>>> print(open('target.cif').read())   # mmCIF, C-alpha atoms
data_protein
loop_
_atom_site.group_PDB
_atom_site.id
_atom_site.type_symbol
_atom_site.label_atom_id
_atom_site.label_comp_id
_atom_site.auth_asym_id
_atom_site.auth_seq_id
_atom_site.Cartn_x
_atom_site.Cartn_y
_atom_site.Cartn_z
ATOM 1 C CA MET H 178 14.922 15.287 35.850
ATOM 2 C CA ARG H 179 15.308 12.207 33.637
ATOM 3 C CA PHE H 180 14.516 12.466 29.934
ATOM 4 C CA VAL H 181 12.819 9.751 27.936
ATOM 5 C CA ARG H 182 14.872 9.458 24.769
ATOM 6 C CA LEU H 183 13.001 8.309 21.694
ATOM 7 C CA HIS H 184 14.850 7.512 18.533
ATOM 8 C CA PRO H 185 13.197 6.913 15.166
ATOM 9 C CA SER H 186 14.192 3.241 15.399
ATOM 10 C CA HIS H 187 11.835 2.788 18.364
ATOM 11 C CA SER H 188 8.149 2.100 18.033
ATOM 12 C CA VAL H 189 7.166 5.724 17.482
ATOM 13 C CA GLN H 190 6.519 6.134 13.779
ATOM 14 C CA LYS H 191 7.928 9.331 12.303
ATOM 15 C CA ARG H 192 5.104 10.408 10.082
ATOM 16 C CA ILE H 193 3.698 13.211 12.195
ATOM 17 C CA GLU H 194 4.676 15.688 9.472
ATOM 18 C CA GLU H 195 2.449 13.820 7.010
ATOM 19 C CA ASN H 196 -0.430 13.704 9.501
ATOM 20 C CA ILE H 197 -0.214 17.472 9.990
ATOM 21 C CA TRP H 198 -0.023 17.907 6.192
ATOM 22 C CA LYS H 199 -3.193 15.794 5.867
ATOM 23 C CA LEU H 200 -4.896 17.856 8.582
ATOM 24 C CA CYS H 201 -4.028 21.067 6.685
ATOM 25 C CA GLU H 202 -5.357 19.486 3.487
ATOM 26 C CA HIS H 203 -8.584 18.474 5.258
ATOM 27 C CA ILE H 204 -9.126 22.003 6.589
ATOM 28 C CA LYS H 205 -8.526 23.476 3.133
ATOM 29 C CA ILE H 206 -10.914 21.026 1.428
ATOM 30 C CA GLN H 207 -13.618 21.301 4.074
ATOM 31 C CA LYS H 208 -13.229 25.078 4.341
ATOM 32 C CA GLU H 209 -13.775 24.657 8.082
ATOM 33 C CA ASP H 210 -11.814 27.837 8.637
ATOM 34 C CA SER H 211 -9.778 30.160 6.523
ATOM 35 C CA ILE H 212 -6.550 28.386 5.674
ATOM 36 C CA ASP H 213 -4.901 31.792 6.217
ATOM 37 C CA HIS H 214 -5.100 31.229 9.981
ATOM 38 C CA ILE H 215 -3.573 27.728 9.959
ATOM 39 C CA TYR H 216 0.141 26.957 10.349
ATOM 40 C CA ALA H 217 2.333 23.868 10.466
ATOM 41 C CA VAL H 218 4.901 24.290 13.225
ATOM 42 C CA PHE H 219 8.118 22.253 13.173
ATOM 43 C CA ILE H 220 9.895 22.135 16.527
ATOM 44 C CA SER H 221 13.567 21.218 16.753
ATOM 45 C CA ASN H 222 16.979 22.788 17.329
ATOM 46 C CA GLU H 223 20.509 22.576 15.960
ATOM 47 C CA LYS H 224 21.221 19.393 17.957
ATOM 48 C CA ARG H 225 17.822 17.868 17.142
ATOM 49 C CA MET H 226 17.123 17.216 20.816
ATOM 50 C CA ILE H 227 14.017 18.944 22.154
ATOM 51 C CA PRO H 228 11.981 18.141 25.277
ATOM 52 C CA ILE H 229 8.198 18.155 25.129
ATOM 53 C CA TRP H 230 6.044 17.244 28.093
ATOM 54 C CA ARG H 231 2.569 15.707 28.189
ATOM 55 C CA GLN H 232 3.193 13.382 25.261
ATOM 56 C CA LYS H 233 1.588 9.957 24.868
ATOM 57 C CA SER H 234 5.087 8.419 25.032
ATOM 58 C CA SER H 235 5.958 10.233 28.291
ATOM 59 C CA ARG H 236 6.470 8.330 31.499
ATOM 60 C CA GLY H 237 4.754 10.183 34.296
ATOM 61 C CA ASP H 238 5.804 13.819 34.350
ATOM 62 C CA GLU H 239 8.929 13.264 32.273
ATOM 63 C CA PRO H 240 9.377 14.874 28.873
ATOM 64 C CA VAL H 241 9.989 13.038 25.650
ATOM 65 C CA ILE H 242 13.127 14.108 23.821
ATOM 66 C CA TRP H 243 12.220 14.342 20.143
ATOM 67 C CA ASP H 244 14.610 14.990 17.289
ATOM 68 C CA TYR H 245 11.760 17.057 15.862
ATOM 69 C CA HIS H 246 8.040 17.353 16.346
ATOM 70 C CA VAL H 247 5.240 18.897 14.278
ATOM 71 C CA ILE H 248 2.050 20.535 15.486
ATOM 72 C CA LEU H 249 -0.694 22.574 13.879
ATOM 73 C CA LEU H 250 -1.417 26.115 15.049
ATOM 74 C CA HIS H 251 -4.823 27.711 14.522
ATOM 75 C CA LYS H 252 -4.351 31.453 15.002
ATOM 76 C CA SER H 253 -7.880 32.436 15.864
ATOM 77 C CA GLN H 254 -9.134 35.920 15.159
ATOM 78 C CA SER H 255 -10.567 35.856 18.662
ATOM 79 C CA ASP H 256 -8.347 36.158 21.712
ATOM 80 C CA GLN H 257 -7.489 32.438 21.882
ATOM 81 C CA SER H 258 -5.369 30.394 19.474
ATOM 82 C CA TYR H 259 -5.238 26.592 19.503
ATOM 83 C CA ILE H 260 -2.596 23.898 19.121
ATOM 84 C CA TYR H 261 -3.365 20.542 17.496
ATOM 85 C CA ASP H 262 -0.754 18.025 18.662
ATOM 86 C CA LEU H 263 -1.484 14.471 17.579
ATOM 87 C CA ASP H 264 0.886 13.069 20.228
ATOM 88 C CA THR H 265 -0.291 14.940 23.309
ATOM 89 C CA VAL H 266 -2.399 13.843 26.250
ATOM 90 C CA LEU H 267 -3.627 17.436 26.564
ATOM 91 C CA PRO H 268 -7.016 18.414 25.092
ATOM 92 C CA PHE H 269 -7.339 18.296 21.304
ATOM 93 C CA PRO H 270 -7.321 21.069 20.271
ATOM 94 C CA CYS H 271 -5.528 22.659 23.187
ATOM 95 C CA PRO H 272 -5.686 26.367 24.025
ATOM 96 C CA PHE H 273 -2.359 27.949 23.052
ATOM 97 C CA ASP H 274 -1.444 29.207 26.537
ATOM 98 C CA VAL H 275 -2.254 25.842 28.152
ATOM 99 C CA TYR H 276 -0.154 23.982 25.589
ATOM 100 C CA ILE H 277 2.817 26.329 26.028
ATOM 101 C CA ARG H 278 2.654 26.044 29.818
ATOM 102 C CA GLU H 279 2.122 22.262 29.969
ATOM 103 C CA ALA H 280 3.998 20.880 26.945
ATOM 104 C CA PHE H 281 6.864 23.352 26.485
ATOM 105 C CA ARG H 282 7.238 24.687 30.012
ATOM 106 C CA SER H 283 9.853 27.333 30.749
ATOM 107 C CA GLU H 284 13.309 27.203 29.219
ATOM 108 C CA GLU H 285 14.646 28.754 32.415
ATOM 109 C CA TYR H 286 15.432 25.299 33.830
ATOM 110 C CA ILE H 287 16.487 23.642 30.581
ATOM 111 C CA LYS H 288 20.079 23.506 29.373
ATOM 112 C CA PRO H 289 20.579 25.703 26.269
ATOM 113 C CA ALA H 290 21.348 22.588 24.187
ATOM 114 C CA PHE H 291 17.668 21.628 24.612
ATOM 115 C CA TRP H 292 16.101 25.033 23.891
ATOM 116 C CA ARG H 293 13.386 24.727 21.288
ATOM 117 C CA LYS H 294 13.117 26.637 18.041
ATOM 118 C CA LEU H 295 9.977 26.672 15.954
ATOM 119 C CA ARG H 296 9.624 26.929 12.183
ATOM 120 C CA VAL H 297 6.178 28.332 11.452
ATOM 121 C CA VAL H 298 4.928 27.650 7.923
ATOM 122 C CA SER H 299 1.576 28.812 6.597
ATOM 123 C CA ALA H 300 -0.670 25.860 5.791
ATOM 124 C CA ASP H 301 -0.897 26.970 2.179
ATOM 125 C CA ALA H 302 2.915 27.072 1.793
ATOM 126 C CA TYR H 303 3.182 23.723 3.586
ATOM 127 C CA LEU H 304 0.670 22.084 1.242
ATOM 128 C CA LYS H 305 2.448 23.490 -1.823
ATOM 129 C CA ASN H 306 6.072 22.866 -0.801
ATOM 130 C CA PHE H 307 6.426 19.888 1.552
ATOM 131 C CA ALA H 308 7.661 16.564 0.136
ATOM 132 C CA SER H 309 8.639 13.279 1.766
ATOM 133 C CA ASP H 310 9.801 10.039 0.158
ATOM 134 C CA ARG H 311 9.516 8.398 3.636
ATOM 135 C CA SER H 312 13.160 7.322 3.611
ATOM 136 C CA HIS H 313 13.403 8.434 7.260
ATOM 137 C CA MET H 314 10.822 5.755 8.105
ATOM 138 C CA LYS H 315 13.122 2.898 7.066
ATOM 139 C CA ASP H 316 15.905 1.194 8.976
ATOM 140 C CA ALA H 317 19.517 0.880 7.777
ATOM 141 C CA SER H 318 18.664 -2.188 5.673
ATOM 142 C CA GLY H 319 15.819 -0.336 3.906
ATOM 143 C CA ALA H 320 12.988 -2.180 5.675
ATOM 144 C CA TRP H 321 10.001 -0.256 7.031
ATOM 145 C CA ARG H 322 10.124 0.255 10.795
ATOM 146 C CA MET H 323 6.324 0.168 10.695
ATOM 147 C CA PRO H 324 3.972 -0.115 7.723
ATOM 148 C CA PRO H 325 3.830 3.144 5.739
ATOM 149 C CA PRO H 326 0.581 5.083 5.322
ATOM 150 C CA PRO H 327 -1.739 3.674 2.637
ATOM 151 C CA TYR H 328 -1.695 6.853 0.521
ATOM 152 C CA PRO H 329 1.113 7.818 -1.895
ATOM 153 C CA CYS H 330 4.143 9.770 -0.738
ATOM 154 C CA ILE H 331 3.662 13.532 -0.620
ATOM 155 C CA GLU H 332 5.737 15.225 -3.297
ATOM 156 C CA THR H 333 5.891 18.398 -5.352
ATOM 157 C CA ALA H 334 6.898 19.086 -8.932
ATOM 158 C CA ASP H 335 10.284 20.236 -7.615
ATOM 159 C CA SER H 336 10.991 17.755 -4.845
ATOM 160 C CA LYS H 337 10.411 14.225 -3.641
ATOM 161 C CA MET H 338 12.132 14.815 -0.277
ATOM 162 C CA ASN H 339 12.695 18.090 1.548
ATOM 163 C CA LEU H 340 11.815 17.158 5.135
ATOM 164 C CA ASP H 341 15.237 18.287 6.378
ATOM 165 C CA ASP H 342 14.547 21.807 5.087
ATOM 166 C CA PHE H 343 11.485 21.966 7.353
ATOM 167 C CA ILE H 344 13.281 20.447 10.356
ATOM 168 C CA SER H 345 16.253 22.795 9.947
ATOM 169 C CA MET H 346 16.167 25.730 12.324
ATOM 170 C CA HIS H 347 18.420 27.905 10.157
ATOM 171 C CA SER H 348 16.378 30.856 8.929
ATOM 172 C CA GLY H 349 17.989 30.891 5.475
ATOM 173 C CA ILE H 350 16.762 27.369 4.697
ATOM 174 C CA GLY H 351 13.250 26.241 3.832
ATOM 175 C CA CYS H 352 9.818 27.855 4.110
ATOM 176 C CA GLY H 353 8.360 29.959 6.866
ATOM 177 C CA CYS H 354 9.926 31.827 9.765
ATOM 178 C CA VAL H 355 12.052 30.445 12.584
ATOM 179 C CA TYR H 356 11.342 31.666 16.131
ATOM 180 C CA THR H 357 12.777 31.087 19.565
ATOM 181 C CA LEU H 358 10.165 29.872 22.028
ATOM 182 C CA THR H 359 9.885 33.382 23.509
ATOM 183 C CA GLU H 360 9.418 34.952 20.055
ATOM 184 C CA PHE H 361 6.833 32.318 19.147
ATOM 185 C CA VAL H 362 4.787 33.050 22.270
ATOM 186 C CA GLN H 363 5.022 36.798 21.648
ATOM 187 C CA GLN H 364 3.978 36.402 18.003
ATOM 188 C CA PHE H 365 1.140 33.895 18.376
ATOM 189 C CA GLY H 366 0.028 34.050 22.019
ATOM 190 C CA LYS H 367 -2.722 36.198 23.420
ATOM 191 C CA THR H 368 -2.387 39.853 22.587
#
>>> encode(input="target.cif", output="structure tokens")
Amino acid sequence: MRFVRLHPSHSVQKRIEENIWKLCEHIKIQKEDSIDHIYAVFISNEKRMIPIWRQKSSRGDEPVIWDYHVILLHKSQSDQSYIYDLDTVLPFPCPFDVYIREAFRSEEYIKPAFWRKLRVVSADAYLKNFASDRSHMKDASGAWRMPPPPYPCIETADSKMNLDDFISMHSGIGCGCVYTLTEFVQQFGKT
């Protein structure tokens, strides 16, 4: 298996965390569903090298190796939960079990260095605590890799940049709970 390695300096713009934040904000404003059932999910690991299949940047059936990725989880009160991944070629939203099977696949055949961990943050906590000054979207000389979003940076009263706290997969850092892939499926999959 050959991995497609994407680095932030390539054409993929690292603002997925802001897009998921905006999606959480939209759901809260529109009251489309109780915000209590919505979660931002950061996916990474200690090495910041995680494979995800069925991404728009994939080549054929190869995974993309992200340093981190962010999705939205809608934990439905019915039997089926849904994943909203803005970078997938899977349905949008995608049934939880389909997404896990197609995008994450089994870790049985993946080297432990690539095993995914997931930081699950309630949408409300994400909206109140996330901040990004977009410094990760600039190159070494300080120039934008791609034009930034037209809206102001997301910040809180306490922070202008805490993205690394959300990407970190150490349970003592940041908001929410950190799960292994198996724990995540057990916690949020079909009962």
>>> axis_aligned_box(input="target.cif", around="region 340-347 of chain H", padding_each_side="6 Å", output="JSON")
{"center_x": 15.0, "center_y": 22.5, "center_z": 8.7, "size_x": 18.9, "size_y": 22.7, "size_z": 19.2}
>>> resolve_selection(input="target.cif", expression="the PyMOL selection byres ((chain H and resi 249) around 6)", output="list in words")
Tyr216, Ala217, Val218, Ile248, Leu250, Ile260 and Tyr261 of chain H
>>> resolve_selection(input="target.cif", expression="the PyMOL selection byres ((chain H and resi 274) around 10)", output="PDB file with C-alpha atoms, in the frame of the given file")
ATOM      1  CA  GLN H 257      -7.489  32.438  21.882  1.00  0.00           C
ATOM      2  CA  SER H 258      -5.369  30.394  19.474  1.00  0.00           C
ATOM      3  CA  TYR H 259      -5.238  26.592  19.503  1.00  0.00           C
ATOM      4  CA  ILE H 260      -2.596  23.898  19.121  1.00  0.00           C
ATOM      5  CA  CYS H 271      -5.528  22.659  23.187  1.00  0.00           C
ATOM      6  CA  PRO H 272      -5.686  26.367  24.025  1.00  0.00           C
ATOM      7  CA  PHE H 273      -2.359  27.949  23.052  1.00  0.00           C
ATOM      8  CA  VAL H 275      -2.254  25.842  28.152  1.00  0.00           C
ATOM      9  CA  TYR H 276      -0.154  23.982  25.589  1.00  0.00           C
ATOM     10  CA  ILE H 277       2.817  26.329  26.028  1.00  0.00           C
ATOM     11  CA  ARG H 278       2.654  26.044  29.818  1.00  0.00           C
ATOM     12  CA  GLU H 279       2.122  22.262  29.969  1.00  0.00           C
ATOM     13  CA  ALA H 280       3.998  20.880  26.945  1.00  0.00           C
ATOM     14  CA  VAL H 362       4.787  33.050  22.270  1.00  0.00           C
ATOM     15  CA  PHE H 365       1.140  33.895  18.376  1.00  0.00           C
ATOM     16  CA  GLY H 366       0.028  34.050  22.019  1.00  0.00           C
ATOM     17  CA  LYS H 367      -2.722  36.198  23.420  1.00  0.00           C
TER      18      LYS H 367
END
>>> resolve_selection(input="target.cif", expression="the PyMOL selection byres ((chain H and resi 291) around 12)", output="NGL selection string")
:H and (180 or 220-229 or 240-245 or 281 or 283-290 or 292-294 or 357-358)
>>> atom_distance(input="target.cif", atom1="CA of Tyr328 (chain H)", atom2="CA of Ser235 (chain H)")
29.0 Å
>>> closest_residue(input="target.cif", among="H:Asp335, H:Asp310, H:Asp301, H:Asp316", to="Cys352 (chain H)", atoms="all atoms listed in the file")
H:Asp301
>>> closest_residue(input="target.cif", among="H:Arg296, H:His251, H:Arg236, H:Lys205", to="Phe361 (chain H)", atoms="all atoms listed in the file")
H:Arg296
